[in-house]
>>> print(open('coords_18.cif').read())   # mmCIF, C-alpha atoms
data_target
#
loop_
_atom_site.group_PDB
_atom_site.id
_atom_site.type_symbol
_atom_site.label_atom_id
_atom_site.label_comp_id
_atom_site.auth_asym_id
_atom_site.auth_seq_id
_atom_site.Cartn_x
_atom_site.Cartn_y
_atom_site.Cartn_z
ATOM 1 C CA MET H 1080 108.792 82.781 68.472
ATOM 2 C CA ASN H 1081 105.610 83.474 66.515
ATOM 3 C CA ILE H 1082 103.017 85.440 68.482
ATOM 4 C CA LEU H 1083 99.273 85.716 68.053
ATOM 5 C CA LEU H 1084 98.272 89.090 69.489
ATOM 6 C CA VAL H 1085 94.696 89.188 70.787
ATOM 7 C CA GLY H 1086 93.395 92.748 71.062
ATOM 8 C CA ALA H 1087 94.803 95.940 69.554
ATOM 9 C CA GLY H 1088 93.899 98.534 72.173
ATOM 10 C CA GLY H 1089 96.422 100.536 74.169
ATOM 11 C CA MET H 1090 98.042 97.523 75.777
ATOM 12 C CA GLY H 1091 97.939 95.499 72.555
ATOM 13 C CA ALA H 1092 99.737 98.328 70.766
ATOM 14 C CA THR H 1093 102.294 98.536 73.590
ATOM 15 C CA HIS H 1094 103.051 94.828 73.305
ATOM 16 C CA PHE H 1095 103.225 95.004 69.497
ATOM 17 C CA HIS H 1096 105.783 97.837 69.540
ATOM 18 C CA ASN H 1097 107.903 96.050 72.155
ATOM 19 C CA TYR H 1098 107.906 92.755 70.260
ATOM 20 C CA ALA H 1099 109.455 94.652 67.334
ATOM 21 C CA HIS H 1100 112.569 95.165 69.508
ATOM 22 C CA ILE H 1101 112.867 91.583 70.798
ATOM 23 C CA PRO H 1102 115.148 89.366 68.686
ATOM 24 C CA GLY H 1103 113.320 86.312 67.406
ATOM 25 C CA ALA H 1104 109.851 87.630 68.274
ATOM 26 C CA CYS H 1105 107.352 88.009 65.446
ATOM 27 C CA VAL H 1106 103.719 89.056 65.692
ATOM 28 C CA GLN H 1107 102.317 86.701 63.103
ATOM 29 C CA ALA H 1108 98.645 87.706 63.281
ATOM 30 C CA LEU H 1109 96.040 89.666 65.210
ATOM 31 C CA VAL H 1110 92.721 88.484 66.658
ATOM 32 C CA GLY H 1111 89.907 91.018 66.925
ATOM 33 C CA VAL H 1112 86.530 92.025 65.568
ATOM 34 C CA SER H 1113 86.314 95.795 66.052
ATOM 35 C CA GLU H 1114 86.968 98.546 63.557
ATOM 36 C CA ALA H 1115 89.995 99.568 65.642
ATOM 37 C CA ASP H 1116 91.351 96.022 65.307
ATOM 38 C CA ARG H 1117 90.903 96.194 61.532
ATOM 39 C CA ARG H 1118 92.764 99.502 61.372
ATOM 40 C CA ALA H 1119 95.586 98.153 63.535
ATOM 41 C CA ALA H 1120 95.949 95.009 61.418
ATOM 42 C CA ALA H 1121 96.218 97.132 58.284
ATOM 43 C CA GLN H 1122 98.715 99.505 59.892
ATOM 44 C CA TRP H 1123 100.845 96.685 61.302
ATOM 45 C CA GLN H 1124 100.518 94.660 58.100
ATOM 46 C CA VAL H 1125 99.405 91.456 59.798
ATOM 47 C CA PRO H 1126 96.382 89.264 58.980
ATOM 48 C CA LEU H 1127 93.295 89.677 61.173
ATOM 49 C CA TYR H 1128 91.182 86.749 62.416
ATOM 50 C CA PRO H 1129 87.944 86.713 64.409
ATOM 51 C CA THR H 1130 89.030 83.940 66.800
ATOM 52 C CA ILE H 1131 92.151 82.243 68.125
ATOM 53 C CA THR H 1132 91.005 78.932 66.675
ATOM 54 C CA ARG H 1133 90.590 80.391 63.193
ATOM 55 C CA ALA H 1134 94.025 82.015 63.363
ATOM 56 C CA VAL H 1135 95.710 78.771 64.432
ATOM 57 C CA GLU H 1136 94.083 76.962 61.500
ATOM 58 C CA ARG H 1137 95.787 79.389 59.093
ATOM 59 C CA GLU H 1138 98.936 80.591 60.845
ATOM 60 C CA ARG H 1139 101.914 78.943 62.493
ATOM 61 C CA VAL H 1140 102.015 80.464 65.993
ATOM 62 C CA ASP H 1141 103.509 79.454 69.339
ATOM 63 C CA LEU H 1142 101.956 81.810 71.842
ATOM 64 C CA ALA H 1143 98.790 83.870 72.320
ATOM 65 C CA ASP H 1144 99.177 87.273 73.995
ATOM 66 C CA LEU H 1145 95.845 88.381 75.496
ATOM 67 C CA CYS H 1146 95.518 92.184 75.618
ATOM 68 C CA VAL H 1147 91.750 92.329 76.110
ATOM 69 C CA PRO H 1148 89.382 93.279 78.968
ATOM 70 C CA THR H 1149 89.801 91.134 82.080
ATOM 71 C CA PHE H 1150 86.498 89.256 81.860
ATOM 72 C CA LEU H 1151 87.623 87.765 78.520
ATOM 73 C CA HIS H 1152 90.933 86.363 79.790
ATOM 74 C CA GLU H 1153 89.751 82.994 81.060
ATOM 75 C CA PRO H 1154 87.697 81.857 78.041
ATOM 76 C CA LEU H 1155 90.329 83.052 75.567
ATOM 77 C CA ALA H 1156 93.177 81.433 77.517
ATOM 78 C CA LEU H 1157 91.302 78.130 77.602
ATOM 79 C CA GLU H 1158 90.738 78.368 73.834
ATOM 80 C CA ALA H 1159 94.449 79.057 73.295
ATOM 81 C CA PHE H 1160 95.485 76.068 75.410
ATOM 82 C CA ARG H 1161 93.115 73.836 73.434
ATOM 83 C CA CYS H 1162 94.945 75.070 70.335
ATOM 84 C CA GLY H 1163 98.312 74.091 71.844
ATOM 85 C CA LEU H 1164 99.602 77.606 72.552
ATOM 86 C CA HIS H 1165 101.432 79.171 75.458
ATOM 87 C CA VAL H 1166 99.584 82.203 76.860
ATOM 88 C CA ILE H 1167 100.594 85.624 78.099
ATOM 89 C CA THR H 1168 97.677 87.440 79.681
ATOM 90 C CA GLU H 1169 97.478 90.961 80.991
ATOM 91 C CA LYS H 1170 96.816 91.321 84.688
ATOM 92 C CA PRO H 1171 94.711 90.225 86.394
ATOM 93 C CA CYS H 1172 94.461 86.850 84.703
ATOM 94 C CA ALA H 1173 90.998 86.452 86.279
ATOM 95 C CA LEU H 1174 88.646 87.997 88.819
ATOM 96 C CA LYS H 1175 88.511 84.934 91.071
ATOM 97 C CA ALA H 1176 91.240 82.679 92.413
ATOM 98 C CA GLU H 1177 89.202 79.658 91.300
ATOM 99 C CA SER H 1178 89.248 80.920 87.721
ATOM 100 C CA GLY H 1179 93.000 81.464 87.961
ATOM 101 C CA LYS H 1180 93.454 77.877 89.191
ATOM 102 C CA ASN H 1181 91.359 76.684 86.255
ATOM 103 C CA MET H 1182 93.597 78.537 83.805
ATOM 104 C CA PHE H 1183 96.840 77.159 85.259
ATOM 105 C CA SER H 1184 95.349 73.651 85.357
ATOM 106 C CA ALA H 1185 94.381 73.951 81.694
ATOM 107 C CA ALA H 1186 97.926 75.043 80.855
ATOM 108 C CA ARG H 1187 99.380 71.988 82.602
ATOM 109 C CA ALA H 1188 96.927 69.660 80.904
ATOM 110 C CA ALA H 1189 97.984 71.084 77.527
ATOM 111 C CA GLY H 1190 101.701 70.909 78.385
ATOM 112 C CA ARG H 1191 101.929 74.692 77.993
ATOM 113 C CA GLN H 1192 102.598 77.738 80.198
ATOM 114 C CA LEU H 1193 100.509 80.636 81.476
ATOM 115 C CA TYR H 1194 102.320 83.937 82.083
ATOM 116 C CA VAL H 1195 100.594 86.820 83.884
ATOM 117 C CA ALA H 1196 101.878 90.267 82.931
ATOM 118 C CA GLN H 1197 102.555 91.900 86.305
ATOM 119 C CA VAL H 1198 104.771 94.555 84.780
ATOM 120 C CA VAL H 1199 105.848 96.218 88.061
ATOM 121 C CA GLN H 1200 108.079 93.171 88.629
ATOM 122 C CA PHE H 1201 110.158 94.368 85.658
ATOM 123 C CA THR H 1202 110.755 98.026 86.521
ATOM 124 C CA ARG H 1203 114.130 99.460 87.495
ATOM 125 C CA GLU H 1204 112.856 100.689 90.872
ATOM 126 C CA THR H 1205 111.671 97.189 91.752
ATOM 127 C CA GLU H 1206 115.114 95.841 90.837
ATOM 128 C CA VAL H 1207 116.678 98.327 93.262
ATOM 129 C CA LEU H 1208 114.246 97.450 96.056
ATOM 130 C CA ARG H 1209 114.900 93.727 95.614
ATOM 131 C CA GLU H 1210 118.677 94.215 95.685
ATOM 132 C CA VAL H 1211 118.578 96.420 98.800
ATOM 133 C CA MET H 1212 116.482 93.789 100.575
ATOM 134 C CA ARG H 1213 118.691 90.914 99.370
ATOM 135 C CA SER H 1214 121.904 92.614 100.502
ATOM 136 C CA GLU H 1215 120.363 93.889 103.753
ATOM 137 C CA ARG H 1216 122.077 97.200 103.044
ATOM 138 C CA TYR H 1217 119.830 98.894 105.616
ATOM 139 C CA GLY H 1218 119.047 95.801 107.642
ATOM 140 C CA LYS H 1219 115.738 93.952 107.662
ATOM 141 C CA PRO H 1220 112.548 95.591 106.353
ATOM 142 C CA LEU H 1221 110.066 96.831 108.948
ATOM 143 C CA ASP H 1222 107.313 98.819 107.257
ATOM 144 C CA GLY H 1223 106.247 100.014 103.822
ATOM 145 C CA VAL H 1224 103.776 102.376 102.181
ATOM 146 C CA PHE H 1225 102.722 101.769 98.576
ATOM 147 C CA GLN H 1226 100.577 104.336 96.788
ATOM 148 C CA ARG H 1227 98.955 104.230 93.352
ATOM 149 C CA LEU H 1228 96.544 107.045 92.417
ATOM 150 C CA SER H 1229 94.753 107.894 89.197
ATOM 151 C CA ALA H 1230 91.858 109.816 87.775
ATOM 152 C CA ARG H 1231 88.821 107.653 86.982
ATOM 153 C CA PRO H 1232 89.527 105.473 83.915
ATOM 154 C CA ALA H 1233 86.519 106.688 81.945
ATOM 155 C CA TRP H 1234 88.696 106.347 78.820
ATOM 156 C CA SER H 1235 88.282 102.544 78.715
ATOM 157 C CA GLN H 1236 86.294 101.341 75.709
ATOM 158 C CA GLY H 1237 82.638 101.113 76.668
ATOM 159 C CA ALA H 1238 83.712 102.106 80.217
ATOM 160 C CA TRP H 1239 84.328 98.401 80.937
ATOM 161 C CA LEU H 1240 86.821 99.227 83.702
ATOM 162 C CA LEU H 1241 83.971 100.809 85.682
ATOM 163 C CA ASP H 1242 81.890 97.619 85.481
ATOM 164 C CA ARG H 1243 82.579 95.395 88.492
ATOM 165 C CA ARG H 1244 81.679 92.187 86.626
ATOM 166 C CA LYS H 1245 84.166 92.972 83.870
ATOM 167 C CA SER H 1246 87.146 94.511 85.697
ATOM 168 C CA GLY H 1247 86.802 93.866 89.428
ATOM 169 C CA LEU H 1248 87.142 97.643 89.791
ATOM 170 C CA LEU H 1249 89.851 99.382 91.830
ATOM 171 C CA PRO H 1250 91.318 96.387 93.725
ATOM 172 C CA PHE H 1251 91.846 94.220 90.638
ATOM 173 C CA ASP H 1252 92.878 96.954 88.221
ATOM 174 C CA LEU H 1253 95.098 99.248 90.298
ATOM 175 C CA HIS H 1254 95.869 97.934 93.790
ATOM 176 C CA ILE H 1255 96.864 94.570 92.291
ATOM 177 C CA HIS H 1256 100.221 96.021 91.179
ATOM 178 C CA ASP H 1257 101.337 96.952 94.683
ATOM 179 C CA LEU H 1258 99.860 93.847 96.303
ATOM 180 C CA ASP H 1259 101.688 91.653 93.786
ATOM 181 C CA LEU H 1260 104.944 93.435 94.627
ATOM 182 C CA MET H 1261 104.328 93.030 98.363
ATOM 183 C CA VAL H 1262 103.557 89.310 98.027
ATOM 184 C CA SER H 1263 106.685 88.777 95.920
ATOM 185 C CA LEU H 1264 108.808 90.507 98.595
ATOM 186 C CA PHE H 1265 107.213 89.375 101.861
ATOM 187 C CA GLY H 1266 104.983 86.410 101.020
ATOM 188 C CA VAL H 1267 101.254 86.042 101.675
ATOM 189 C CA PRO H 1268 100.061 88.538 104.319
ATOM 190 C CA GLU H 1269 98.937 87.078 107.624
ATOM 191 C CA THR H 1270 96.319 89.748 108.314
ATOM 192 C CA MET H 1271 94.798 92.743 106.599
ATOM 193 C CA HIS H 1272 92.637 95.641 107.691
ATOM 194 C CA VAL H 1273 90.624 97.718 105.237
ATOM 195 C CA SER H 1274 89.942 101.344 106.123
ATOM 196 C CA PRO H 1275 86.335 102.259 105.333
ATOM 197 C CA CYS H 1276 86.034 104.468 102.272
ATOM 198 C CA ALA H 1277 82.750 106.019 101.239
ATOM 199 C CA GLU H 1278 81.198 105.530 97.811
ATOM 200 C CA ASN H 1279 81.203 108.456 95.419
ATOM 201 C CA ASP H 1280 78.483 108.495 92.778
ATOM 202 C CA GLY H 1281 78.008 104.727 93.144
ATOM 203 C CA LEU H 1282 81.740 103.954 92.934
ATOM 204 C CA ARG H 1283 84.109 103.089 95.794
ATOM 205 C CA ASP H 1284 86.952 105.072 94.304
ATOM 206 C CA HIS H 1285 89.431 104.995 97.186
ATOM 207 C CA LEU H 1286 91.007 102.006 98.945
ATOM 208 C CA ARG H 1287 93.438 101.822 101.852
ATOM 209 C CA VAL H 1288 94.596 98.454 103.223
ATOM 210 C CA GLU H 1289 97.001 97.653 106.053
ATOM 211 C CA TYR H 1290 98.794 94.296 105.788
ATOM 212 C CA ALA H 1291 100.926 92.383 108.294
ATOM 213 C CA TRP H 1292 103.205 89.365 107.910
ATOM 214 C CA LYS H 1293 104.458 86.688 110.317
ATOM 215 C CA SER H 1294 107.961 88.113 109.908
ATOM 216 C CA GLY H 1295 106.820 91.315 111.623
ATOM 217 C CA VAL H 1296 106.750 93.427 108.450
ATOM 218 C CA THR H 1297 103.774 95.739 108.046
ATOM 219 C CA ALA H 1298 102.712 97.701 104.955
ATOM 220 C CA CYS H 1299 99.940 99.988 103.809
ATOM 221 C CA GLY H 1300 98.625 99.957 100.255
ATOM 222 C CA GLU H 1301 96.592 102.882 98.951
ATOM 223 C CA ALA H 1302 94.856 103.062 95.579
ATOM 224 C CA ALA H 1303 92.369 105.493 94.111
ATOM 225 C CA TRP H 1304 90.390 106.328 91.004
ATOM 226 C CA TYR H 1305 89.651 109.893 92.011
ATOM 227 C CA ASN H 1306 86.851 111.869 90.422
ATOM 228 C CA ALA H 1307 89.436 114.553 89.764
ATOM 229 C CA CYS H 1308 91.867 115.388 86.963
ATOM 230 C CA ILE H 1309 94.981 114.387 88.898
ATOM 231 C CA PRO H 1310 98.007 112.955 87.081
ATOM 232 C CA PHE H 1311 98.800 109.277 87.585
ATOM 233 C CA THR H 1312 100.988 108.724 90.647
ATOM 234 C CA ALA H 1313 102.840 105.558 91.715
ATOM 235 C CA CYS H 1314 105.315 105.722 94.590
ATOM 236 C CA TRP H 1315 106.458 103.838 97.677
ATOM 237 C CA ARG H 1316 108.729 103.973 100.682
ATOM 238 C CA MET H 1317 110.284 101.167 102.718
ATOM 239 C CA TYR H 1318 111.555 101.599 106.253
ATOM 240 C CA PHE H 1319 114.386 99.316 107.380
ATOM 241 C CA GLU H 1320 116.270 98.792 110.644
ATOM 242 C CA ARG H 1321 118.990 101.232 109.615
ATOM 243 C CA GLY H 1322 117.472 103.473 106.973
ATOM 244 C CA MET H 1323 114.778 104.140 104.402
ATOM 245 C CA LEU H 1324 114.342 103.673 100.676
ATOM 246 C CA VAL H 1325 112.021 106.128 98.923
ATOM 247 C CA TYR H 1326 110.658 105.941 95.382
ATOM 248 C CA ASP H 1327 108.997 109.250 94.472
ATOM 249 C CA GLY H 1328 107.653 108.094 91.103
ATOM 250 C CA LYS H 1329 110.849 108.968 89.244
ATOM 251 C CA THR H 1330 113.898 108.242 91.394
ATOM 252 C CA VAL H 1331 114.895 105.936 94.253
ATOM 253 C CA THR H 1332 116.801 107.483 97.157
ATOM 254 C CA GLY H 1333 118.271 105.745 100.184
ATOM 255 C CA TYR H 1334 118.518 107.516 103.533
ATOM 256 C CA GLY H 1335 120.864 105.665 105.880
ATOM 257 C CA ALA H 1336 120.843 105.936 109.675
ATOM 258 C CA ASP H 1337 124.539 106.842 109.316
ATOM 259 C CA GLY H 1338 123.623 110.074 107.532
ATOM 260 C CA GLN H 1339 124.571 108.840 104.073
ATOM 261 C CA ILE H 1340 122.135 109.681 101.249
ATOM 262 C CA THR H 1341 122.339 107.494 98.140
ATOM 263 C CA ALA H 1342 120.750 108.246 94.778
ATOM 264 C CA PHE H 1343 120.240 104.856 93.131
ATOM 265 C CA ASP H 1344 120.530 104.510 89.369
ATOM 266 C CA THR H 1345 117.056 103.891 87.975
ATOM 267 C CA GLN H 1346 117.709 105.340 84.537
ATOM 268 C CA ASP H 1347 116.142 102.869 82.133
ATOM 269 C CA PRO H 1348 118.630 101.965 79.374
ATOM 270 C CA ILE H 1349 115.698 100.898 77.187
ATOM 271 C CA GLN H 1350 113.281 103.561 75.950
ATOM 272 C CA ILE H 1351 110.369 102.177 73.936
ATOM 273 C CA ALA H 1352 107.199 104.194 73.456
ATOM 274 C CA GLY H 1353 103.973 102.245 73.854
ATOM 275 C CA GLY H 1354 100.265 102.613 73.262
ATOM 276 C CA VAL H 1355 99.309 103.565 76.832
ATOM 277 C CA ASN H 1356 99.704 106.758 78.815
ATOM 278 C CA LEU H 1357 103.193 106.001 80.148
ATOM 279 C CA PRO H 1358 106.595 107.495 79.357
ATOM 280 C CA ALA H 1359 108.924 105.512 77.109
ATOM 281 C CA ASN H 1360 110.485 102.723 79.146
ATOM 282 C CA GLY H 1361 111.878 99.198 79.088
ATOM 283 C CA TRP H 1362 109.316 97.581 81.429
ATOM 284 C CA PHE H 1363 107.343 95.745 78.778
ATOM 285 C CA PHE H 1364 110.452 94.833 76.793
ATOM 286 C CA ARG H 1365 111.950 93.096 79.835
ATOM 287 C CA GLU H 1366 108.630 91.511 80.777
ATOM 288 C CA LEU H 1367 107.868 90.100 77.321
ATOM 289 C CA SER H 1368 111.495 89.056 76.723
ATOM 290 C CA HIS H 1369 111.421 87.153 80.016
ATOM 291 C CA PHE H 1370 108.158 85.385 79.175
ATOM 292 C CA LEU H 1371 109.325 84.425 75.674
ATOM 293 C CA THR H 1372 112.570 83.003 77.070
ATOM 294 C CA CYS H 1373 110.554 80.940 79.562
ATOM 295 C CA ALA H 1374 108.142 79.808 76.827
ATOM 296 C CA GLU H 1375 110.981 78.656 74.582
ATOM 297 C CA LYS H 1376 112.059 76.356 77.419
ATOM 298 C CA ASN H 1377 108.434 75.508 78.307
ATOM 299 C CA GLU H 1378 109.131 76.634 81.872
ATOM 300 C CA PRO H 1379 107.057 78.723 84.321
ATOM 301 C CA SER H 1380 108.145 82.241 85.204
ATOM 302 C CA PRO H 1381 110.188 82.491 88.421
ATOM 303 C CA LEU H 1382 109.274 86.191 88.708
ATOM 304 C CA VAL H 1383 105.490 85.750 88.447
ATOM 305 C CA PRO H 1384 104.896 82.170 89.653
ATOM 306 C CA GLU H 1385 101.497 80.496 89.898
ATOM 307 C CA SER H 1386 101.524 80.537 93.710
ATOM 308 C CA GLN H 1387 102.049 84.309 93.745
ATOM 309 C CA VAL H 1388 99.335 84.963 91.157
ATOM 310 C CA LEU H 1389 96.773 82.872 93.054
ATOM 311 C CA ALA H 1390 97.715 84.357 96.434
ATOM 312 C CA VAL H 1391 97.158 87.854 95.059
ATOM 313 C CA LEU H 1392 93.779 86.909 93.555
ATOM 314 C CA SER H 1393 92.681 85.250 96.812
ATOM 315 C CA THR H 1394 93.582 88.396 98.772
ATOM 316 C CA LEU H 1395 91.891 90.745 96.303
ATOM 317 C CA GLU H 1396 88.665 88.731 96.515
ATOM 318 C CA LYS H 1397 88.417 89.718 100.199
ATOM 319 C CA LEU H 1398 88.585 93.451 99.494
ATOM 320 C CA PRO H 1399 85.529 95.665 98.934
ATOM 321 C CA ALA H 1400 85.089 96.700 95.315
#
>>> encode(input="coords_18.cif", output="structure tokens")
Amino acid sequence: MNILLVGAGGMGATHFHNYAHIPGACVQALVGVSEADRRAAAQWQVPLYPTITRAVERERVDLADLCVPTFLHEPLALEAFRCGLHVITEKPCALKAESGKNMFSAARAAGRQLYVAQVVQFTRETEVLREVMRSERYGKPLDGVFQRLSARPAWSQGAWLLDRRKSGLLPFDLHIHDLDLMVSLFGVPETMHVSPCAENDGLRDHLRVEYAWKSGVTACGEAAWYNACIPFTACWRMYFERGMLVYDGKTVTGYGADGQITAFDTQDPIQIAGGVNLPANGWFFRELSHFLTCAEKNEPSPLVPESQVLAVLSTLEKLPA
């Protein structure tokens, strides 16, 4: 499948390097206008175009992969659909559920697919959590805590991540990962309660939300962009009827009520270095491989379906930014 990569920043570079390992995937061209885009195109030895439309006029491509700031996703996706392309877009696909609906509607009208890159769905620890829930190894889930903490992302080009109109701030950039995982596991939450968090230098940099579902499951999601030089942290724990499952950011351990402790295998067999501040892993390889397989069949993704994407956006819109 021939890919038109839009944007050559950290995530664009990550996608480019992963496509090089996917059989049948070929980055045919790059879209961008910055000096960094020009350098990347020269380094990767692909032609550079200023717009998707111009690239499609010159190149034979099947899919546009949008690795650009969030506020650009909707207009670029609509342009790609008008050009007859499938679209992969980094998360979130939009900052409003209505915009997300517009993008999926445009995909249907064009007879193409929209894939939203919620990469946490493709990690080894998520695979373990899904399997433990499916098998009911520890019984039914009761309560969870999901935590995602980072230093302030002042590294983003032009500090766009710190602009509410461009990124949606903390809920849409960071908390979205854990909320997407929760919705995929438990469905749309019935209620939510947001703990008040003070602003710090004009930025609400800490968020804590308690969710509850009709099934009786409860969960707390915590996210932060601390004004501190802390390392990135992503971890969770799930409490079940007969045990617990704990992900400490590196390993997943099960603690059964019967006294048995199980170290689950989360060693990633795929180790691909990317262009973002993450260790080498197979997350993006599995994610992009999955989307390309779906695109070849012109089918939606069963792992990141439209209903899930829109439910997450609708919930995030209700949170303070």
>>> resolve_selection(input="coords_18.cif", expression="the PyMOL selection byres ((chain H and resi 1247) around 12)", output="tab-separated table (two decimals) with C-alpha atoms, in the frame of the given file")
chain	number	residue	atom	x	y	z
H	1148	PRO	CA	89.38	93.28	78.97
H	1149	THR	CA	89.80	91.13	82.08
H	1150	PHE	CA	86.50	89.26	81.86
H	1170	LYS	CA	96.82	91.32	84.69
H	1171	PRO	CA	94.71	90.22	86.39
H	1172	CYS	CA	94.46	86.85	84.70
H	1173	ALA	CA	91.00	86.45	86.28
H	1174	LEU	CA	88.65	88.00	88.82
H	1175	LYS	CA	88.51	84.93	91.07
H	1239	TRP	CA	84.33	98.40	80.94
H	1240	LEU	CA	86.82	99.23	83.70
H	1241	LEU	CA	83.97	100.81	85.68
H	1242	ASP	CA	81.89	97.62	85.48
H	1243	ARG	CA	82.58	95.40	88.49
H	1244	ARG	CA	81.68	92.19	86.63
H	1245	LYS	CA	84.17	92.97	83.87
H	1246	SER	CA	87.15	94.51	85.70
H	1248	LEU	CA	87.14	97.64	89.79
H	1249	LEU	CA	89.85	99.38	91.83
H	1250	PRO	CA	91.32	96.39	93.72
H	1251	PHE	CA	91.85	94.22	90.64
H	1252	ASP	CA	92.88	96.95	88.22
H	1253	LEU	CA	95.10	99.25	90.30
H	1254	HIS	CA	95.87	97.93	93.79
H	1255	ILE	CA	96.86	94.57	92.29
H	1282	LEU	CA	81.74	103.95	92.93
H	1283	ARG	CA	84.11	103.09	95.79
H	1392	LEU	CA	93.78	86.91	93.56
H	1395	LEU	CA	91.89	90.74	96.30
H	1396	GLU	CA	88.66	88.73	96.52
H	1397	LYS	CA	88.42	89.72	100.20
H	1398	LEU	CA	88.58	93.45	99.49
H	1399	PRO	CA	85.53	95.66	98.93
H	1400	ALA	CA	85.09	96.70	95.32
>>> resolve_selection(input="coords_18.cif", expression="the PyMOL selection byres ((chain H and resi 1154) around 12)", output="list of chain:residue names")
H:Thr1130, H:Ile1131, H:Leu1145, H:Val1147, H:Pro1148, H:Thr1149, H:Phe1150, H:Leu1151, H:His1152, H:Glu1153, H:Leu1155, H:Ala1156, H:Leu1157, H:Glu1158, H:Ala1159, H:Phe1160, H:Arg1161, H:Val1166, H:Thr1168, H:Cys1172, H:Ala1173, H:Ser1178, H:Gly1179, H:Asn1181, H:Met1182, H:Ala1185
>>> resolve_selection(input="coords_18.cif", expression="the PyMOL selection byres ((chain H and resi 1143) around 10)", output="ChimeraX atom specification")
/H:1081-1085,1106,1108-1110,1131,1135,1140-1142,1144-1146,1155-1156,1158-1160,1162-1168,1193
>>> closest_residue(input="coords_18.cif", among="H:Met1317, H:Ala1303, H:Phe1095, H:Gly1190", to="Asn1279 of chain H", atoms="all atoms listed in the file")
H:Ala1303
>>> residues_near_point(input="coords_18.cif", point="(116.0, 111.8, 88.4)", cutoff="12 Å", atoms="all atoms listed in the file", output="list of chain:residue names")
H:Glu1204, H:Tyr1326, H:Asp1327, H:Gly1328, H:Lys1329, H:Thr1330, H:Val1331, H:Thr1332, H:Ala1342, H:Phe1343, H:Asp1344, H:Thr1345, H:Gln1346, H:Asp1347
>>> write_last_selection(input="coords_18.cif", atoms="C-alpha atoms", output="PDB file, keeping the file's coordinate frame")
ATOM      1  CA  GLU H1204     112.856 100.689  90.872  1.00  0.00           C
ATOM      2  CA  TYR H1326     110.658 105.941  95.382  1.00  0.00           C
ATOM      3  CA  ASP H1327     108.997 109.250  94.472  1.00  0.00           C
ATOM      4  CA  GLY H1328     107.653 108.094  91.103  1.00  0.00           C
ATOM      5  CA  LYS H1329     110.849 108.968  89.244  1.00  0.00           C
ATOM      6  CA  THR H1330     113.898 108.242  91.394  1.00  0.00           C
ATOM      7  CA  VAL H1331     114.895 105.936  94.253  1.00  0.00           C
ATOM      8  CA  THR H1332     116.801 107.483  97.157  1.00  0.00           C
ATOM      9  CA  ALA H1342     120.750 108.246  94.778  1.00  0.00           C
ATOM     10  CA  PHE H1343     120.240 104.856  93.131  1.00  0.00           C
ATOM     11  CA  ASP H1344     120.530 104.510  89.369  1.00  0.00           C
ATOM     12  CA  THR H1345     117.056 103.891  87.975  1.00  0.00           C
ATOM     13  CA  GLN H1346     117.709 105.340  84.537  1.00  0.00           C
ATOM     14  CA  ASP H1347     116.142 102.869  82.133  1.00  0.00           C
TER      15      ASP H1347
END
>>> atom_distance(input="coords_18.cif", atom1="atom CA of Leu1357 of chain H", atom2="atom CA of Met1090 of chain H")
10.8 Å
>>> build_atoms(input="coords_18.cif", residues="segment 1128-1138 of chain H", atoms="N, CA and C atoms", output="short mmCIF file (atom, residue, chain, number, x, y, z; two decimals), keeping the file's coordinate frame")
data_model
loop_
_atom_site.label_atom_id
_atom_site.label_comp_id
_atom_site.auth_asym_id
_atom_site.auth_seq_id
_atom_site.Cartn_x
_atom_site.Cartn_y
_atom_site.Cartn_z
N TYR H 1128 92.10 87.88 62.31
CA TYR H 1128 91.18 86.75 62.42
C TYR H 1128 90.17 87.02 63.52
N PRO H 1129 88.98 86.45 63.40
CA PRO H 1129 87.94 86.71 64.41
C PRO H 1129 88.13 85.91 65.69
N THR H 1130 88.84 84.78 65.62
CA THR H 1130 89.03 83.94 66.80
C THR H 1130 90.44 83.36 66.81
N ILE H 1131 90.85 82.91 67.98
CA ILE H 1131 92.15 82.24 68.12
C ILE H 1131 92.16 80.96 67.30
N THR H 1132 91.08 80.21 67.39
CA THR H 1132 91.00 78.93 66.68
C THR H 1132 91.17 79.12 65.18
N ARG H 1133 90.49 80.13 64.63
CA ARG H 1133 90.59 80.39 63.19
C ARG H 1133 92.02 80.79 62.82
N ALA H 1134 92.66 81.59 63.66
CA ALA H 1134 94.02 82.02 63.36
C ALA H 1134 94.98 80.83 63.36
N VAL H 1135 94.82 79.93 64.34
CA VAL H 1135 95.71 78.77 64.43
C VAL H 1135 95.52 77.83 63.24
N GLU H 1136 94.33 77.79 62.69
CA GLU H 1136 94.08 76.96 61.50
C GLU H 1136 94.87 77.47 60.29
N ARG H 1137 95.15 78.78 60.27
CA ARG H 1137 95.79 79.39 59.09
C ARG H 1137 97.24 79.79 59.31
N GLU H 1138 97.60 80.04 60.56
CA GLU H 1138 98.94 80.59 60.84
C GLU H 1138 99.73 79.65 61.75
#
